[in-house]
$ cat final04.txt   # compact mmCIF, C-alpha atoms and all ligand atoms
# COMPACT_ATOMS: atom_id res chain seq x y z
CA MET A 20 0.00 0.00 0.00
CA LYS A 21 1.21 3.51 -0.88
CA ALA A 22 0.19 6.31 1.48
CA VAL A 23 -1.13 9.47 -0.19
CA THR A 24 -1.56 12.99 1.13
CA LEU A 25 -3.98 15.01 -1.00
CA LEU A 26 -3.54 18.75 -0.53
CA GLY A 27 -6.65 20.60 -1.72
CA SER A 28 -8.92 17.54 -1.79
CA THR A 29 -12.19 19.51 -2.11
CA GLY A 30 -11.25 21.29 -5.36
CA SER A 31 -11.58 20.28 -8.97
CA ILE A 32 -8.26 18.40 -9.13
CA GLY A 33 -8.78 17.10 -5.58
CA THR A 34 -12.08 15.43 -6.40
CA SER A 35 -10.71 14.01 -9.67
CA ALA A 36 -7.78 12.56 -7.72
CA LEU A 37 -10.14 10.97 -5.20
CA SER A 38 -12.11 9.43 -8.04
CA VAL A 39 -8.91 7.72 -9.26
CA LEU A 40 -7.85 6.70 -5.74
CA ARG A 41 -11.30 5.23 -5.06
CA GLN A 42 -10.83 2.87 -8.04
CA HIS A 43 -7.51 1.65 -6.63
CA SER A 44 -8.14 1.48 -2.91
CA ASP A 45 -6.26 -1.82 -2.77
CA GLU A 46 -3.05 -0.02 -3.81
CA TYR A 47 -3.35 3.50 -2.36
CA ASP A 48 -4.24 4.46 1.18
CA VAL A 49 -5.39 8.04 1.84
CA TYR A 50 -3.20 9.36 4.66
CA ALA A 51 -4.39 12.99 4.76
CA LEU A 52 -6.97 15.21 3.09
CA THR A 53 -6.87 19.01 3.31
CA ALA A 54 -9.08 21.97 2.45
CA ASN A 55 -9.40 25.69 2.95
CA HIS A 56 -12.88 25.99 4.56
CA SER A 57 -15.28 23.53 2.86
CA VAL A 58 -16.20 21.66 6.05
CA ASP A 59 -19.12 19.67 4.63
CA THR A 60 -17.22 18.42 1.58
CA LEU A 61 -14.16 17.48 3.59
CA PHE A 62 -16.39 15.66 6.10
CA GLU A 63 -18.02 13.61 3.31
CA GLN A 64 -14.56 12.73 2.02
CA CYS A 65 -13.50 11.69 5.54
CA GLN A 66 -16.51 9.39 5.73
CA GLN A 67 -15.53 7.76 2.44
CA PHE A 68 -11.77 7.49 2.90
CA GLU A 69 -11.27 7.71 6.68
CA PRO A 70 -7.81 9.32 6.39
CA LYS A 71 -5.45 9.42 9.36
CA PHE A 72 -5.53 13.24 9.22
CA ALA A 73 -7.84 15.95 7.89
CA VAL A 74 -6.52 19.51 7.79
CA MET A 75 -8.62 22.68 7.57
CA LEU A 76 -6.78 25.93 7.05
CA ASP A 77 -8.67 27.91 9.69
CA GLU A 78 -9.30 26.93 13.26
CA SER A 79 -13.05 27.51 13.37
CA SER A 80 -13.60 25.24 10.34
CA ALA A 81 -11.37 22.65 12.01
CA GLU A 82 -13.52 22.80 15.16
CA LEU A 83 -16.68 22.24 13.13
CA LEU A 84 -15.08 19.32 11.31
CA THR A 85 -13.80 17.79 14.57
CA LEU A 86 -17.33 17.79 15.92
CA LYS A 87 -18.73 16.08 12.83
CA VAL A 88 -15.92 13.52 12.69
CA LYS A 89 -16.34 12.62 16.37
CA THR A 90 -20.12 12.36 16.11
CA ALA A 91 -19.72 10.00 13.16
CA GLY A 92 -17.26 7.88 15.16
CA LEU A 93 -14.41 8.25 12.63
CA SER A 94 -10.79 7.72 13.63
CA THR A 95 -9.60 10.74 11.60
CA GLU A 96 -7.65 13.35 13.55
CA VAL A 97 -8.44 16.96 12.56
CA LEU A 98 -5.64 19.54 12.43
CA SER A 99 -5.59 23.19 11.44
CA GLY A 100 -3.25 25.84 10.09
CA GLU A 101 -0.54 26.22 7.49
CA HIS A 102 1.96 24.33 9.58
CA ALA A 103 -0.29 21.26 9.64
CA LEU A 104 -0.31 21.30 5.81
CA GLU A 105 3.48 21.10 5.87
CA GLU A 106 3.34 18.31 8.45
CA VAL A 107 1.02 16.03 6.47
CA ALA A 108 3.03 16.75 3.30
CA SER A 109 6.27 15.60 4.89
CA SER A 110 5.23 12.91 7.44
CA GLU A 111 7.39 9.85 7.44
CA GLY A 112 4.58 7.47 6.50
CA VAL A 113 3.68 9.35 3.31
CA ASP A 114 4.80 8.17 -0.17
CA TYR A 115 2.84 10.45 -2.53
CA VAL A 116 1.80 14.06 -2.13
CA ILE A 117 -0.79 15.32 -4.60
CA ALA A 118 -0.38 19.10 -4.72
CA ALA A 119 -3.83 20.44 -5.69
CA ILE A 120 -4.07 23.62 -3.61
CA VAL A 121 -4.65 26.66 -5.81
CA GLY A 122 -2.18 29.55 -5.85
CA ALA A 123 0.71 30.61 -3.65
CA ALA A 124 -0.79 28.86 -0.61
CA GLY A 125 0.52 25.61 -2.07
CA LEU A 126 4.16 26.59 -1.99
CA LEU A 127 5.24 25.83 1.60
CA PRO A 128 3.66 22.38 1.84
CA ILE A 129 5.15 21.49 -1.56
CA LEU A 130 8.59 22.61 -0.40
CA ALA A 131 8.14 20.50 2.74
CA ALA A 132 7.27 17.47 0.58
CA ALA A 133 10.26 18.16 -1.67
CA LYS A 134 12.68 18.40 1.25
CA SER A 135 11.48 15.10 2.64
CA GLY A 136 11.94 13.25 -0.64
CA LYS A 137 8.32 12.48 -1.52
CA SER A 138 6.88 11.67 -4.92
CA ILE A 139 5.03 14.88 -5.67
CA LEU A 140 2.16 14.93 -8.15
CA LEU A 141 2.21 18.58 -9.08
CA ALA A 142 -1.00 20.31 -10.18
CA ASN A 143 -0.15 23.57 -8.38
CA LYS A 144 1.83 25.28 -11.15
CA GLU A 145 2.01 28.50 -9.11
CA ALA A 146 4.66 26.92 -6.83
CA LEU A 147 7.05 26.46 -9.76
CA VAL A 148 6.24 29.90 -11.15
CA MET A 149 7.00 31.49 -7.77
CA SER A 150 10.14 29.62 -6.94
CA GLY A 151 11.16 27.14 -9.62
CA GLN A 152 14.79 27.61 -8.76
CA LEU A 153 14.34 26.74 -5.06
CA LEU A 154 11.87 23.95 -5.59
CA MET A 155 13.96 22.16 -8.25
CA ARG A 156 17.03 22.51 -6.05
CA GLU A 157 15.21 20.83 -3.14
CA ILE A 158 13.87 18.08 -5.41
CA VAL A 159 17.31 17.23 -6.75
CA ALA A 160 18.98 17.47 -3.32
CA SER A 161 16.53 15.14 -1.55
CA GLY A 162 15.97 12.73 -4.45
CA ALA A 163 12.25 13.52 -4.45
CA THR A 164 10.33 12.87 -7.68
CA LEU A 165 8.30 15.58 -9.35
CA LEU A 166 5.50 14.15 -11.47
CA PRO A 167 3.60 16.68 -13.58
CA VAL A 168 -0.19 16.53 -13.37
CA ASP A 169 -0.94 19.64 -15.41
CA SER A 170 -2.24 17.98 -18.59
CA GLU A 171 0.24 19.69 -20.94
CA HIS A 172 3.26 18.86 -18.80
CA ASN A 173 2.08 15.35 -18.17
CA ALA A 174 1.75 14.96 -21.96
CA ILE A 175 5.32 16.19 -22.47
CA TRP A 176 6.56 13.91 -19.69
CA GLN A 177 4.97 10.97 -21.52
CA CYS A 178 6.64 12.01 -24.80
CA LEU A 179 10.15 12.34 -23.33
CA PRO A 180 12.79 9.64 -23.71
CA VAL A 181 11.99 6.73 -21.38
CA GLY A 182 14.43 6.33 -18.50
CA LYS A 183 15.53 9.97 -18.50
CA ARG A 184 12.38 11.52 -17.13
CA GLN A 185 13.70 12.38 -13.69
CA LYS A 186 16.57 14.52 -14.97
CA TYR A 187 14.52 17.71 -15.48
CA GLN A 188 17.10 18.90 -18.08
CA TYR A 189 16.42 18.44 -21.79
CA ASP A 190 17.94 21.46 -23.53
CA GLY A 191 20.45 20.15 -26.08
CA LYS A 192 19.27 16.54 -25.58
CA GLY A 193 17.90 16.00 -29.07
CA ILE A 194 14.80 18.08 -28.45
CA ARG A 195 14.16 21.10 -30.64
CA ARG A 196 11.00 22.45 -29.06
CA ILE A 197 8.26 21.80 -26.64
CA ILE A 198 4.88 22.68 -28.10
CA LEU A 199 2.19 23.48 -25.55
CA THR A 200 -1.36 23.31 -26.84
CA ALA A 201 -3.94 25.87 -25.70
CA SER A 202 -7.68 25.70 -26.18
CA GLY A 203 -7.85 29.50 -26.25
CA GLY A 204 -10.46 29.55 -23.48
CA PRO A 205 -14.00 30.94 -23.66
CA PHE A 206 -13.01 34.21 -25.37
CA ARG A 207 -10.87 32.83 -28.17
CA ASP A 208 -13.26 34.12 -30.85
CA TYR A 209 -13.99 37.49 -29.22
CA GLU A 210 -12.70 40.73 -30.67
CA PRO A 211 -10.49 42.61 -28.16
CA SER A 212 -13.23 45.30 -27.90
CA ASP A 213 -15.79 42.63 -26.86
CA LEU A 214 -13.71 41.74 -23.79
CA GLU A 215 -14.41 45.05 -22.03
CA ASN A 216 -17.66 43.90 -20.43
CA VAL A 217 -17.32 40.13 -20.03
CA THR A 218 -18.49 38.80 -16.65
CA PRO A 219 -16.87 36.33 -14.22
CA GLU A 220 -19.66 33.87 -15.09
CA GLN A 221 -18.66 34.01 -18.79
CA ALA A 222 -14.98 33.75 -17.94
CA VAL A 223 -15.31 30.59 -15.84
CA ALA A 224 -17.41 28.79 -18.46
CA HIS A 225 -14.53 26.97 -20.16
CA PRO A 226 -15.45 25.27 -23.46
CA ASN A 227 -13.50 22.00 -22.85
CA TRP A 228 -12.51 21.63 -19.18
CA SER A 229 -14.32 21.93 -15.85
CA MET A 230 -11.93 23.58 -13.37
CA GLY A 231 -11.69 25.83 -10.31
CA ALA A 232 -12.53 29.54 -10.67
CA LYS A 233 -8.98 30.93 -10.59
CA ILE A 234 -7.52 28.67 -13.28
CA SER A 235 -10.65 29.17 -15.40
CA VAL A 236 -10.08 32.94 -15.43
CA ASP A 237 -6.39 32.28 -16.12
CA SER A 238 -7.47 30.22 -19.13
CA ALA A 239 -9.68 33.06 -20.35
CA THR A 240 -6.80 35.58 -20.18
CA MET A 241 -4.33 32.88 -21.28
CA MET A 242 -2.21 33.68 -18.26
CA ASN A 243 -2.68 29.97 -17.60
CA LYS A 244 -0.66 29.19 -20.72
CA GLY A 245 1.90 31.78 -19.64
CA LEU A 246 2.25 30.11 -16.23
CA GLU A 247 2.56 26.79 -18.05
CA VAL A 248 5.42 28.10 -20.20
CA ILE A 249 7.26 28.97 -16.97
CA GLU A 250 6.29 25.61 -15.46
CA ALA A 251 7.69 23.81 -18.54
CA HIS A 252 10.91 25.80 -18.29
CA TRP A 253 11.54 24.47 -14.76
CA LEU A 254 10.25 20.94 -15.28
CA PHE A 255 12.18 20.27 -18.47
CA GLY A 256 15.09 22.73 -18.35
CA MET A 257 14.12 24.28 -21.70
CA SER A 258 14.74 27.94 -22.50
CA SER A 259 11.76 30.20 -23.20
CA LYS A 260 12.74 30.29 -26.89
CA SER A 261 12.30 26.52 -27.12
CA ILE A 262 8.79 26.55 -25.65
CA GLU A 263 6.01 27.40 -28.09
CA VAL A 264 2.27 27.70 -27.73
CA VAL A 265 -0.18 26.69 -30.45
CA MET A 266 -3.93 27.03 -30.27
CA HIS A 267 -5.77 23.72 -30.54
CA ARG A 268 -9.48 24.13 -29.96
CA GLN A 269 -10.43 20.51 -29.30
CA SER A 270 -8.02 19.92 -26.34
CA ILE A 271 -7.35 16.37 -27.57
CA ILE A 272 -3.60 16.71 -28.13
CA HIS A 273 -2.40 17.81 -24.70
CA SER A 274 1.09 18.87 -25.87
CA MET A 275 3.98 17.77 -28.07
CA VAL A 276 7.74 17.27 -28.13
CA ASP A 277 9.57 18.16 -31.36
CA TYR A 278 12.82 16.20 -31.75
CA VAL A 279 15.76 17.33 -33.93
CA ASP A 280 15.27 14.41 -36.34
CA GLY A 281 11.87 15.85 -37.26
CA SER A 282 9.78 13.47 -35.14
CA VAL A 283 6.99 15.18 -33.23
CA LEU A 284 5.52 13.09 -30.41
CA ALA A 285 2.08 14.02 -29.12
CA GLN A 286 -0.02 12.67 -26.28
CA MET A 287 -3.77 12.54 -26.88
CA GLY A 288 -6.79 11.83 -24.74
CA ASN A 289 -10.19 13.10 -23.73
CA PRO A 290 -9.96 16.35 -21.75
CA ASP A 291 -10.32 14.80 -18.29
CA MET A 292 -7.78 15.40 -15.52
CA ARG A 293 -8.15 11.83 -14.23
CA THR A 294 -5.84 10.74 -17.08
CA PRO A 295 -2.77 12.77 -16.05
CA ILE A 296 -3.51 12.08 -12.36
CA ALA A 297 -3.63 8.30 -12.94
CA ASN A 298 -0.56 8.50 -15.15
CA ALA A 299 1.48 10.31 -12.51
CA LEU A 300 0.20 8.10 -9.70
CA ALA A 301 1.07 4.83 -11.43
CA TRP A 302 4.25 5.97 -13.21
CA PRO A 303 6.15 4.09 -14.62
CA ASN A 304 3.20 1.68 -14.79
CA ARG A 305 -0.36 2.33 -15.98
CA ILE A 306 -3.68 2.08 -14.15
CA ASP A 307 -7.29 2.59 -15.19
CA SER A 308 -8.44 6.18 -14.64
CA GLY A 309 -12.14 5.76 -15.39
CA VAL A 310 -11.84 8.05 -18.43
CA LEU A 311 -13.77 6.96 -21.53
CA PRO A 312 -11.73 5.74 -24.52
CA LEU A 313 -10.96 8.44 -27.08
CA ASN A 314 -13.32 8.27 -30.05
CA LEU A 315 -11.37 9.77 -32.95
CA VAL A 316 -14.18 9.30 -35.45
CA ASP A 317 -16.55 11.35 -33.28
CA ILE A 318 -13.91 14.06 -32.91
CA GLY A 319 -13.36 14.03 -36.68
CA ARG A 320 -10.71 16.73 -36.90
CA LEU A 321 -7.93 18.43 -35.00
CA ASP A 322 -7.32 22.13 -35.66
CA PHE A 323 -4.24 24.24 -34.98
CA GLU A 324 -4.00 28.03 -35.09
CA LYS A 325 -1.50 30.74 -34.28
CA VAL A 326 -2.03 32.45 -30.92
CA GLU A 327 -2.50 36.19 -31.43
CA HIS A 328 -0.29 37.69 -28.73
CA ASN A 329 -1.97 41.11 -28.86
CA HIS A 330 -5.26 39.36 -28.17
CA PHE A 331 -3.75 37.74 -25.04
CA PRO A 332 -1.34 40.23 -23.40
CA CYS A 333 -0.96 38.00 -20.30
CA LEU A 334 0.87 35.37 -22.34
CA ALA A 335 3.41 37.93 -23.54
CA LEU A 336 3.87 39.20 -19.96
CA ALA A 337 4.66 35.67 -18.77
CA TYR A 338 7.30 35.14 -21.48
CA GLU A 339 8.88 38.49 -20.57
CA ALA A 340 8.89 37.62 -16.85
CA LEU A 341 10.56 34.27 -17.55
CA GLU A 342 13.24 35.99 -19.62
CA ALA A 343 13.81 38.60 -16.90
CA GLY A 344 14.39 35.77 -14.37
CA GLY A 345 14.77 35.90 -10.58
CA THR A 346 11.60 36.74 -8.67
CA THR A 347 9.99 38.43 -11.71
CA THR A 348 7.80 35.36 -12.22
CA ALA A 349 6.82 35.39 -8.52
CA ILE A 350 5.79 39.04 -8.92
CA LEU A 351 3.81 38.17 -12.06
CA ASN A 352 2.06 35.35 -10.21
CA ALA A 353 1.19 37.44 -7.15
CA ALA A 354 -0.15 40.36 -9.21
CA ASN A 355 -2.19 37.92 -11.28
CA GLU A 356 -3.70 36.24 -8.19
CA VAL A 357 -4.78 39.62 -6.80
CA ALA A 358 -6.17 40.84 -10.13
CA VAL A 359 -8.07 37.60 -10.82
CA CYS A 360 -9.57 37.65 -7.33
CA ALA A 361 -10.65 41.29 -7.84
CA PHE A 362 -12.23 40.39 -11.19
CA LEU A 363 -14.09 37.42 -9.67
CA ASN A 364 -15.39 39.77 -6.95
CA LYS A 365 -16.53 42.22 -9.66
CA ARG A 366 -14.17 44.94 -8.47
CA ILE A 367 -12.31 45.32 -11.78
CA LYS A 368 -13.04 44.64 -15.44
CA PHE A 369 -11.57 41.61 -17.19
CA THR A 370 -9.42 43.87 -19.37
CA LYS A 371 -7.83 45.41 -16.26
CA ILE A 372 -6.14 42.11 -15.32
CA PRO A 373 -3.12 42.44 -17.68
CA ILE A 374 -2.92 46.18 -17.05
CA ILE A 375 -2.54 45.70 -13.28
CA ILE A 376 0.05 42.94 -13.75
CA GLU A 377 2.05 45.11 -16.11
CA GLN A 378 1.91 48.07 -13.70
CA VAL A 379 3.19 45.93 -10.84
CA LEU A 380 5.95 44.40 -12.98
CA SER A 381 7.17 47.81 -14.08
CA GLU A 382 7.03 49.38 -10.62
CA GLN A 383 8.60 46.59 -8.54
CA THR A 384 12.29 45.65 -8.63
CA SER A 385 12.83 41.90 -8.63
CA SER A 386 15.59 40.03 -6.85
CA SER A 387 17.61 36.91 -7.60
CA GLY A 388 15.09 34.59 -5.95
CA ASP A 389 17.64 32.21 -4.47
CA SER A 390 16.18 32.33 -0.98
CA LEU A 391 12.67 31.58 0.21
CA GLU A 392 12.62 34.78 2.29
CA GLN A 393 13.28 36.82 -0.87
CA VAL A 394 10.56 35.05 -2.82
CA LEU A 395 8.01 35.52 -0.04
CA ALA A 396 8.97 39.18 0.46
CA ASP A 397 8.65 39.95 -3.26
CA ASP A 398 5.35 38.05 -3.41
CA LYS A 399 4.04 40.16 -0.52
CA GLU A 400 5.18 43.44 -2.05
CA ALA A 401 3.61 42.55 -5.41
CA ARG A 402 0.29 41.76 -3.69
CA SER A 403 0.24 45.09 -1.92
CA LEU A 404 1.09 46.99 -5.13
CA ALA A 405 -1.56 45.07 -7.08
CA ASN A 406 -4.12 45.86 -4.38
CA LYS A 407 -3.20 49.52 -4.66
CA TYR A 408 -3.97 49.43 -8.39
CA VAL A 409 -7.20 47.49 -7.82
CA ASN A 410 -8.34 50.21 -5.45
P1 LIG B 501 -10.04 24.66 -6.88
O1 LIG B 501 -10.28 26.07 -6.58
O2 LIG B 501 -11.13 23.85 -7.47
O3 LIG B 501 -9.54 23.90 -5.56
C1 LIG B 501 -8.55 24.44 -4.75
C2 LIG B 501 -8.32 23.58 -3.51
O4 LIG B 501 -7.34 24.25 -2.69
C3 LIG B 501 -9.55 23.40 -2.63
O5 LIG B 501 -9.51 22.13 -2.03
C4 LIG B 501 -9.38 24.48 -1.55
O6 LIG B 501 -10.01 24.13 -0.32
C5 LIG B 501 -7.89 24.53 -1.38
N1 LIG B 501 -7.40 25.86 -0.98
C6 LIG B 501 -7.72 27.04 -1.56
N2 LIG B 501 -7.08 28.06 -0.93
C7 LIG B 501 -6.34 27.49 0.06
C8 LIG B 501 -5.46 28.00 1.05
N3 LIG B 501 -5.22 29.32 1.16
N4 LIG B 501 -4.87 27.14 1.89
C9 LIG B 501 -5.11 25.81 1.81
N5 LIG B 501 -5.94 25.26 0.89
C10 LIG B 501 -6.54 26.09 0.03
O7 LIG B 501 -8.74 24.63 -7.84
P2 LIG B 501 -8.37 23.55 -8.96
O8 LIG B 501 -9.00 23.93 -10.24
O9 LIG B 501 -8.56 22.17 -8.45
O10 LIG B 501 -6.81 23.84 -9.15
C11 LIG B 501 -5.87 23.44 -8.19
C12 LIG B 501 -4.47 23.62 -8.76
O11 LIG B 501 -4.31 22.75 -9.87
C13 LIG B 501 -4.21 25.03 -9.31
O12 LIG B 501 -2.90 25.39 -9.04
C14 LIG B 501 -4.43 24.89 -10.80
O13 LIG B 501 -3.67 25.80 -11.55
C15 LIG B 501 -3.95 23.47 -11.03
N6 LIG B 501 -4.55 22.81 -12.18
C16 LIG B 501 -5.88 22.61 -12.22
C17 LIG B 501 -6.48 21.99 -13.31
C18 LIG B 501 -7.96 21.71 -13.35
O14 LIG B 501 -8.43 21.07 -14.28
N7 LIG B 501 -8.75 22.15 -12.40
C19 LIG B 501 -5.67 21.59 -14.39
C20 LIG B 501 -4.30 21.80 -14.31
C21 LIG B 501 -3.75 22.41 -13.21
MG MG B 502 -2.87 22.85 -18.12

$ encode --input "final04.txt" --output "structure tokens"
Amino acid sequence: MKAVTLLGSTGSIGTSALSVLRQHSDEYDVYALTANHSVDTLFEQCQQFEPKFAVMLDESSAELLTLKVKTAGLSTEVLSGEHALEEVASSEGVDYVIAAIVGAAGLLPILAAAKSGKSILLANKEALVMSGQLLMREIVASGATLLPVDSEHNAIWQCLPVGKRQKYQYDGKGIRRIILTASGGPFRDYEPSDLENVTPEQAVAHPNWSMGAKISVDSATMMNKGLEVIEAHWLFGMSSKSIEVVMHRQSIIHSMVDYVDGSVLAQMGNPDMRTPIANALAWPNRIDSGVLPLNLVDIGRLDFEKVEHNHFPCLALAYEALEAGGTTTAILNAANEVAVCAFLNKRIKFTKIPIIIEQVLSEQTSSSGDSLEQVLADDKEARSLANKYVN
């Protein structure tokens, strides 16, 4: 039995991961489940999986959950606070940590898992965007394994040379380019002038994927693809010039690797996150994910288009931040989190998101990013600047 800690179990990735784990309960034991404040959902999950630990971020939610767990006679111990997230991510008995918290809140528990040598199934791309340098250093030093769950990166991982996948360095290794596919999100056919008055409800209605609110807005601005370019840079050691984005409306090809001999390897599948989760969980083996077989005849065709960078300024900002290096990508991420949250709360227009990020990037001076303190300080400063522009 492998013991699994699932960080962010009540979210979109979290529930997909539980669906895979449920199908393989003879192989994987749920050690800990964690959530921000969804007491009822986490309680239902405790009833189904009876983990050793359940963590709620805030104390009052933890008290409510404790009461429910005790009344139901479950053996689960309820903990609270950020430190408890780090504890369950690094406990000795844990083999796999599924990192499915959204945003910067995922960083410290992921670092704790990395330092203690776990196999980390990474959905939380923000951690790599904030501190790719630090996180990769910890992974290599402890011998931890980083398994990409983001569908594009999992696709690339599957298309890389077998046996070399834990090296995280592919530049100059026979690979010409990495090609990330992008659906283009809900506004791919809008004129830039039509974006002025789009609502949060329209932005989270993704044409191909069902996801949490933050990543759905990121997909609409295409900041998601920008974060993924940065994520690919750290996971595969490729320079920004060797990472390209192509629009592919159907989300069937999840990404591609272009080799110098002209071979292009692609990974295909229905757009369902249970596939990359099951792939990462079972790697280097394969397990059933519960996803329906791909029906190519029904799909009929696969389309590819150029991404218009002036239509999606967030993507260009992400490339620029990656090229600038240091904590610039942490600043980009923090400003984006603040702007997206303000848009979801109807405090700013959709078109303000890239403007605020650009303002923060031009006002704030970045640092080298080789210490956690620096990363956290620059993240904090970027949040306060972004809030100033929101107001
Ligand atoms: P979500 O909003 O549906 O779920 C987020 C989870 O994190 C919830 O369990 C929530 O309780 C928890 N959480 C939120 N804030 C927290 C905090 N401050 N402290 C502790 N826990 C907190 O998000 P999601 O769509 O599942 O995405 C999760 C991560 O996976 C994101 O980083 C996203 O970019 C990445 N990802 C998601 C998808 C997808 O299909 N949803 C695909 C690829 C990558
Ligand atoms: Mg993705």

$ atom_distance --input "final04.txt" --atom1 "atom CA of Ser38 of chain A" --atom2 "atom CA of Ser308 of chain A"
8.2 Å

$ residues_around --input "final04.txt" --residues "Arg156 of chain A" --least-positions-apart "6" --cutoff "10 Å" --atoms "all atoms listed in the file" --output "MDAnalysis selection string"
chainID A and resid 133:134 150 162 389

$ closest_atom_pairs --input "final04.txt" --of "chain A" --to "ligand LIG 501 (chain B)" --cutoff "6 Å" --atoms "all atoms listed in the file" --output "JSON lines"
{"residue": "A:Gly27", "atom": "CA", "partner": "B:LIG501", "partner_atom": "O5", "distance": 3.3}
{"residue": "A:Ser28", "atom": "CA", "partner": "B:LIG501", "partner_atom": "O5", "distance": 4.6}
{"residue": "A:Thr29", "atom": "CA", "partner": "B:LIG501", "partner_atom": "O5", "distance": 3.7}
{"residue": "A:Gly30", "atom": "CA", "partner": "B:LIG501", "partner_atom": "O3", "distance": 3.1}
{"residue": "A:Ser31", "atom": "CA", "partner": "B:LIG501", "partner_atom": "O9", "distance": 3.6}
{"residue": "A:Ile32", "atom": "CA", "partner": "B:LIG501", "partner_atom": "O9", "distance": 3.8}
{"residue": "A:Gly33", "atom": "CA", "partner": "B:LIG501", "partner_atom": "O9", "distance": 5.8}
{"residue": "A:Ala54", "atom": "CA", "partner": "B:LIG501", "partner_atom": "O6", "distance": 3.6}
{"residue": "A:Asn55", "atom": "CA", "partner": "B:LIG501", "partner_atom": "O6", "distance": 3.7}
{"residue": "A:His56", "atom": "CA", "partner": "B:LIG501", "partner_atom": "O6", "distance": 6.0}
{"residue": "A:Leu76", "atom": "CA", "partner": "B:LIG501", "partner_atom": "C9", "distance": 5.5}
{"residue": "A:Ala119", "atom": "CA", "partner": "B:LIG501", "partner_atom": "C11", "distance": 4.4}
{"residue": "A:Ile120", "atom": "CA", "partner": "B:LIG501", "partner_atom": "O4", "distance": 3.5}
{"residue": "A:Val121", "atom": "CA", "partner": "B:LIG501", "partner_atom": "C13", "distance": 3.9}
{"residue": "A:Gly122", "atom": "CA", "partner": "B:LIG501", "partner_atom": "O12", "distance": 5.3}
{"residue": "A:Ala124", "atom": "CA", "partner": "B:LIG501", "partner_atom": "N3", "distance": 4.8}
{"residue": "A:Ala142", "atom": "CA", "partner": "B:LIG501", "partner_atom": "O11", "distance": 4.1}
{"residue": "A:Asn143", "atom": "CA", "partner": "B:LIG501", "partner_atom": "O12", "distance": 3.4}
{"residue": "A:Lys144", "atom": "CA", "partner": "B:LIG501", "partner_atom": "O12", "distance": 5.2}
{"residue": "A:Glu145", "atom": "CA", "partner": "B:LIG501", "partner_atom": "O12", "distance": 5.8}
{"residue": "A:Asp169", "atom": "CA", "partner": "B:LIG501", "partner_atom": "C20", "distance": 4.1}
{"residue": "A:Met230", "atom": "CA", "partner": "B:LIG501", "partner_atom": "N7", "distance": 3.6}
{"residue": "A:Gly231", "atom": "CA", "partner": "B:LIG501", "partner_atom": "O8", "distance": 3.3}
{"residue": "A:Ala232", "atom": "CA", "partner": "B:LIG501", "partner_atom": "O1", "distance": 5.8}
{"residue": "A:Ile234", "atom": "CA", "partner": "B:LIG501", "partner_atom": "O13", "distance": 5.1}
{"residue": "A:Met292", "atom": "CA", "partner": "B:LIG501", "partner_atom": "O14", "distance": 5.8}

$ residues_near_ligand --input "final04.txt" --ligand "ligand MG 502 (chain B)" --cutoff "7 Å" --atoms "only C-alpha atoms and all ligand atoms" --output "ChimeraX atom specification"
/A:169-171,247

$ closest_residue --input "final04.txt" --among "A:Leu395, A:Ala201, A:Gly256, A:Arg305" --to "Pro290 of chain A" --atoms "all atoms listed in the file"
A:Ala201

$ closest_residue --input "final04.txt" --among "A:Asn243, A:Ser403, A:Ser110, A:Ser270" --to "Val23 of chain A" --atoms "all atoms listed in the file"
A:Ser110

$ axis_aligned_box --input "final04.txt" --around "segment 344-355 of chain A" --padding-each-side "6 Å" --output "JSON"
{"center_x": 6.3, "center_y": 37.9, "center_z": -10.8, "size_x": 29.0, "size_y": 17.0, "size_z": 19.2}

$ closest_residue --input "final04.txt" --among "A:Val276, A:Ala396, A:Tyr209, A:Ser109" --to "Lys192 of chain A" --atoms "all atoms listed in the file"
A:Val276

$ closest_residue --input "final04.txt" --among "A:Ile197, A:Leu26, A:Val113, A:Ala337" --to "Ile175 of chain A" --atoms "only C-alpha atoms"
A:Ile197

$ residues_around --input "final04.txt" --residues "Asn329 of chain A" --least-positions-apart "6" --cutoff "12 Å" --atoms "only C-alpha atoms" --output "PDB file with C-alpha atoms, in the frame of the given file"
ATOM      1  CA  GLU A 210     -12.700  40.730 -30.670  1.00  0.00           C
ATOM      2  CA  PRO A 211     -10.490  42.610 -28.160  1.00  0.00           C
ATOM      3  CA  THR A 240      -6.800  35.580 -20.180  1.00  0.00           C
ATOM      4  CA  MET A 241      -4.330  32.880 -21.280  1.00  0.00           C
ATOM      5  CA  ALA A 335       3.410  37.930 -23.540  1.00  0.00           C
ATOM      6  CA  LEU A 336       3.870  39.200 -19.960  1.00  0.00           C
ATOM      7  CA  PRO A 373      -3.120  42.440 -17.680  1.00  0.00           C
TER       8      PRO A 373
END

$ atom_distance --input "final04.txt" --atom1 "atom CA of Leu351 of chain A" --atom2 "atom CA of Phe206 of chain A"
21.8 Å

$ residues_around --input "final04.txt" --residues "Met149 of chain A" --least-positions-apart "3" --cutoff "8 Å" --atoms "all atoms listed in the file" --output "list in words"
Ala123, Glu145, Ala146, Thr346, Thr348, Ala349, Ile350, Asn352 and Val394 of chain A

$ atom_distance --input "final04.txt" --atom1 "atom CA of Ala73 of chain A" --atom2 "atom CA of Ala118 of chain A"
15.0 Å

$ residues_around --input "final04.txt" --residues "Leu311 of chain A" --least-positions-apart "4" --cutoff "10 Å" --atoms "only C-alpha atoms" --output "list of chain:residue names"
A:Gly288, A:Asn289, A:Asp291, A:Thr294

$ write_last_selection --input "final04.txt" --atoms "C-alpha atoms" --output "PDB file, keeping the file's coordinate frame"
ATOM      1  CA  GLY A 288      -6.790  11.830 -24.740  1.00  0.00           C
ATOM      2  CA  ASN A 289     -10.190  13.100 -23.730  1.00  0.00           C
ATOM      3  CA  ASP A 291     -10.320  14.800 -18.290  1.00  0.00           C
ATOM      4  CA  THR A 294      -5.840  10.740 -17.080  1.00  0.00           C
TER       5      THR A 294
END
